[in-house]
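Q: Next up is a structure, given as structure tokens.
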Amino acid sequence: MSQSAPVSPEVEHLGLAELSQLLQQVFERHGTSTEVARILADNCARAQRDGSHSHGVFRIPGYLSSLASGWVDGQAQPIVEDLASGFVRVDAANGFAQPALAAARELLIEKARSAGIAVLAIRNSHHFAALWPDVEPFARQGLVALSVVNSMTCVVPHGAQRPLFGTNPIAFAAPRASGEPIVFDLATSAIAHGDVQIAARKGEQLPPGMGVDSQGQPTQDPQAILAGGALLPFGGHKGSALSMMVELLAAALTGGNFSFEFDWSKHPGAQTPWTGQLLILIDPSKAGGNNSFASRSAELVRQMHAVGLERMPGDRRYLTREKSRSTGIPLAAAELKKLRELAQ
């Protein structure tokens, strides 16, 4: 007897503005200020639009449980400090990192265009989102941006026995003539923590080399990694060294916590890492020369394609973005129903 094909869950499609408005209502309903809600909602909605499902609406429960636990302040007002000609510091005041970046954005751009380079150091912040949305807008303004953020302890340094580092992502964005900016966002762990959570929810196994269980043994079971296990760095000692660099830049330099320094045990439900973030902004026009940086970027991409590269970093995200613009952002009806309930 033949088996019927599995039925796909019902899907609804929303525009970016509609999804952003819904998520803003969710955040405001659960204790954030209107401005914080707007910024977080825009970030989540854009991630969902671009197919970054591990950092889209999937993150909403973690945001809300962290707010409910009192771990993070949804009403926090960032304190911006103008320290030097090329250095801006922000105390996020135990709030989210994106509002802190937004508060310093114009000053940071002004300094970068004046001095050619500027640094933004954010401390006392909670970053729970994809990192590429923090850097891509700068590339669209003709600037080069590099950002790092450390997270919670869940990665075993290469050659060690216990976890110490976070997934510690690095994001980079550069303008490109006659094309979308070159953008990448990568965790220094072998896999992003959010992707492990999604695999666990779906009941899927992971590829080899992603993590270990609570006994330090290699495992492909995402549940085992989440239940007292840990992730591994990508590329062995190379990824481990980059993860160490992120700890130094995002925590030691900014004044934020290292991934191992905060204790959320008295805040059941807390999920947002309380750490720091560093962003470096460069104005390539200061380099001079006959060819613009964006034109040189385009030439590099052309040469990469010429040697057989079919997909650049960010291409899949741009394709998904374009599709979402024409057909809407797909969401499972059950998931959308839950979001609407959370907004009430």
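For the structure tokens, the naming scheme is as follows: chains receive sequential letters (A, B, ...) according to their order of presentation, residues are indexed from 1 within each chain, and ligands are indexed from 1 in presentation order.
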I need the residues of segment 43-138 of chain A that end up classed as strand (DSSP E or B) by DSSP on the backbone, written out as a PDB file with N, CA and C atoms, in the first residue's frame.
A:
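Contents of states13.pdb, freshly written:
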```
ATOM      1  N   ILE A  79      24.463  55.014  26.577  1.00  0.00           N
ATOM      2  CA  ILE A  79      25.246  56.208  26.880  1.00  0.00           C
ATOM      3  C   ILE A  79      26.424  56.270  25.913  1.00  0.00           C
ATOM      4  N   VAL A  80      26.424  57.253  25.025  1.00  0.00           N
ATOM      5  CA  VAL A  80      27.459  57.390  23.997  1.00  0.00           C
ATOM      6  C   VAL A  80      28.552  58.323  24.497  1.00  0.00           C
ATOM      7  N   GLU A  81      29.809  57.870  24.368  1.00  0.00           N
ATOM      8  CA  GLU A  81      30.951  58.660  24.799  1.00  0.00           C
ATOM      9  C   GLU A  81      31.884  58.911  23.614  1.00  0.00           C
ATOM     10  N   ASP A  82      32.171  60.182  23.354  1.00  0.00           N
ATOM     11  CA  ASP A  82      33.100  60.593  22.289  1.00  0.00           C
ATOM     12  C   ASP A  82      34.490  60.702  22.921  1.00  0.00           C
ATOM     13  N   LEU A  83      35.303  59.644  22.759  1.00  0.00           N
ATOM     14  CA  LEU A  83      36.562  59.564  23.489  1.00  0.00           C
ATOM     15  C   LEU A  83      37.748  60.161  22.764  1.00  0.00           C
ATOM     16  N   ALA A  84      37.768  60.034  21.436  1.00  0.00           N
ATOM     17  CA  ALA A  84      38.920  60.515  20.673  1.00  0.00           C
ATOM     18  C   ALA A  84      38.499  60.735  19.229  1.00  0.00           C
ATOM     19  N   PHE A  87      37.542  57.250  18.024  1.00  0.00           N
ATOM     20  CA  PHE A  87      37.097  56.246  18.994  1.00  0.00           C
ATOM     21  C   PHE A  87      35.803  56.686  19.672  1.00  0.00           C
ATOM     22  N   VAL A  88      34.783  55.824  19.556  1.00  0.00           N
ATOM     23  CA  VAL A  88      33.497  56.046  20.201  1.00  0.00           C
ATOM     24  C   VAL A  88      33.234  54.866  21.125  1.00  0.00           C
ATOM     25  N   ARG A  89      32.762  55.152  22.306  1.00  0.00           N
ATOM     26  CA  ARG A  89      32.417  54.091  23.249  1.00  0.00           C
ATOM     27  C   ARG A  89      30.957  54.232  23.657  1.00  0.00           C
ATOM     28  N   VAL A  90      30.280  53.084  23.806  1.00  0.00           N
ATOM     29  CA  VAL A  90      28.883  53.101  24.227  1.00  0.00           C
ATOM     30  C   VAL A  90      28.683  52.122  25.372  1.00  0.00           C
ATOM     31  N   ASP A  91      28.090  52.610  26.439  1.00  0.00           N
ATOM     32  CA  ASP A  91      27.609  51.742  27.512  1.00  0.00           C
ATOM     33  C   ASP A  91      26.159  51.425  27.189  1.00  0.00           C
ATOM     34  N   ALA A  92      25.888  50.166  26.866  1.00  0.00           N
ATOM     35  CA  ALA A  92      24.524  49.774  26.492  1.00  0.00           C
ATOM     36  C   ALA A  92      23.596  49.695  27.692  1.00  0.00           C
ATOM     37  N   ALA A  93      24.137  49.869  28.905  1.00  0.00           N
ATOM     38  CA  ALA A  93      23.336  49.941  30.126  1.00  0.00           C
ATOM     39  C   ALA A  93      22.509  48.680  30.361  1.00  0.00           C
ATOM     40  N   ASN A  94      23.127  47.534  30.088  1.00  0.00           N
ATOM     41  CA  ASN A  94      22.465  46.235  30.229  1.00  0.00           C
ATOM     42  C   ASN A  94      21.273  46.089  29.294  1.00  0.00           C
ATOM     43  N   GLY A  95      21.344  46.784  28.175  1.00  0.00           N
ATOM     44  CA  GLY A  95      20.318  46.652  27.152  1.00  0.00           C
ATOM     45  C   GLY A  95      20.865  45.900  25.950  1.00  0.00           C
ATOM     46  N   PHE A  96      20.111  45.919  24.871  1.00  0.00           N
ATOM     47  CA  PHE A  96      20.508  45.202  23.666  1.00  0.00           C
ATOM     48  C   PHE A  96      21.540  46.000  22.865  1.00  0.00           C
ATOM     49  N   ILE A 117      39.245  56.316   9.547  1.00  0.00           N
ATOM     50  CA  ILE A 117      38.946  55.089  10.283  1.00  0.00           C
ATOM     51  C   ILE A 117      38.400  55.471  11.656  1.00  0.00           C
ATOM     52  N   ALA A 118      37.468  54.671  12.147  1.00  0.00           N
ATOM     53  CA  ALA A 118      36.906  54.915  13.475  1.00  0.00           C
ATOM     54  C   ALA A 118      36.517  53.586  14.099  1.00  0.00           C
ATOM     55  N   VAL A 119      36.579  53.555  15.422  1.00  0.00           N
ATOM     56  CA  VAL A 119      36.272  52.346  16.183  1.00  0.00           C
ATOM     57  C   VAL A 119      35.098  52.615  17.112  1.00  0.00           C
ATOM     58  N   LEU A 120      34.189  51.658  17.181  1.00  0.00           N
ATOM     59  CA  LEU A 120      33.069  51.718  18.117  1.00  0.00           C
ATOM     60  C   LEU A 120      33.194  50.558  19.089  1.00  0.00           C
ATOM     61  N   ALA A 121      33.272  50.867  20.371  1.00  0.00           N
ATOM     62  CA  ALA A 121      33.373  49.845  21.413  1.00  0.00           C
ATOM     63  C   ALA A 121      32.097  49.857  22.251  1.00  0.00           C
ATOM     64  N   ILE A 122      31.353  48.769  22.184  1.00  0.00           N
ATOM     65  CA  ILE A 122      30.102  48.650  22.938  1.00  0.00           C
ATOM     66  C   ILE A 122      30.317  47.664  24.082  1.00  0.00           C
ATOM     67  N   ARG A 123      29.919  48.050  25.267  1.00  0.00           N
ATOM     68  CA  ARG A 123      30.037  47.163  26.426  1.00  0.00           C
ATOM     69  C   ARG A 123      28.697  47.079  27.146  1.00  0.00           C
ATOM     70  N   ASN A 124      28.634  46.127  28.099  1.00  0.00           N
ATOM     71  CA  ASN A 124      27.431  46.001  28.924  1.00  0.00           C
ATOM     72  C   ASN A 124      26.207  45.776  28.046  1.00  0.00           C
ATOM     73  N   SER A 125      26.372  44.932  27.013  1.00  0.00           N
ATOM     74  CA  SER A 125      25.341  44.770  25.981  1.00  0.00           C
ATOM     75  C   SER A 125      24.956  43.313  25.780  1.00  0.00           C
ATOM     76  N   HIS A 126      23.795  43.123  25.171  1.00  0.00           N
ATOM     77  CA  HIS A 126      23.267  41.793  24.861  1.00  0.00           C
ATOM     78  C   HIS A 126      23.049  41.705  23.351  1.00  0.00           C
TER      79      HIS A 126
END
```
Q: Check the smallest atom-to-atom distance from each of A:Met152, A:Leu143, A:Ser189, A:Lys323 to Trp264 of chain A using only C-alpha atoms, then report the winner.
A: A:Met152
Q: Please determine, counting only C-alpha atoms, which residue among A:Ser65, A:Pro157, A:Asp42, A:His305 has the shortest atom-to-atom distance to Gln25 of chain A.
A: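 Checking each candidate against Gln25 of chain A, we get A:Asp42 as the closest.
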Q: Near Glu28 of chain A, within 9 Å and counting only C-alpha atoms, which residues show up once chain neighbours fewer than 3 positions away are dropped, as a VMD selection string?
A: chain A and resid 23 to 25 31 to 34 36 to 38 74 343
Q: Could you write out that same residue set with C-alpha atoms as a short mmCIF file (atom, residue, chain, number, x, y, z; two decimals), in the first residue's frame?
A:
```
data_model
loop_
_atom_site.label_atom_id
_atom_site.label_comp_id
_atom_site.auth_asym_id
_atom_site.auth_seq_id
_atom_site.Cartn_x
_atom_site.Cartn_y
_atom_site.Cartn_z
CA LEU A 23 7.30 41.96 15.95
CA GLN A 24 7.45 45.50 17.31
CA GLN A 25 4.10 44.92 18.98
CA GLY A 31 8.44 45.23 28.22
CA THR A 32 10.72 47.07 25.79
CA SER A 33 10.52 50.74 24.95
CA THR A 34 9.04 51.70 21.60
CA VAL A 36 14.10 49.35 21.32
CA ALA A 37 11.12 47.38 20.00
CA ARG A 38 11.38 49.08 16.61
CA GLY A 74 14.34 46.44 27.50
CA ALA A 343 1.43 40.71 20.42
#
```
Q: Using only C-alpha atoms, which protein or nucleic acid residues come within 8 Å of Ser243 of chain A? Drop anything in the same chain fewer than 5 positions from it, and give the result as number ranges by chain.
A: A: 165-169, 188-189, 233
Q: Could you please take those selected residues and save N, CA and C atoms as a CSV table (one decimal), in the first residue's frame?
A:
```csv
chain,number,residue,atom,x,y,z
A,165,PHE,N,35.2,29.6,25.1
A,165,PHE,CA,34.9,30.7,24.2
A,165,PHE,C,33.4,30.6,23.9
A,166,GLY,N,32.9,31.7,23.3
A,166,GLY,CA,31.5,31.7,22.7
A,166,GLY,C,31.6,31.3,21.2
A,167,THR,N,30.5,31.3,20.5
A,167,THR,CA,30.6,31.1,19.1
A,167,THR,C,31.3,32.3,18.3
A,168,ASN,N,31.3,33.4,18.9
A,168,ASN,CA,32.2,34.6,18.6
A,168,ASN,C,32.2,34.9,17.1
A,169,PRO,N,31.1,35.4,16.5
A,169,PRO,CA,31.1,35.7,15.1
A,169,PRO,C,31.9,36.9,14.7
A,188,THR,N,32.9,31.6,14.6
A,188,THR,CA,34.2,31.0,14.7
A,188,THR,C,34.1,29.6,15.3
A,189,SER,N,32.9,29.2,15.6
A,189,SER,CA,32.6,27.8,15.9
A,189,SER,C,32.3,27.0,14.6
A,233,PRO,N,35.6,24.6,17.6
A,233,PRO,CA,35.9,25.7,16.6
A,233,PRO,C,36.1,25.2,15.2
```
Q: Please measure the separation of atom CA of Gly51 of chain A and atom CA of Ile198 of chain A, giving the value in Å to one decimal.
A: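 Result for atom CA of Gly51 of chain A versus atom CA of Ile198 of chain A: 13.4 Å, one decimal.
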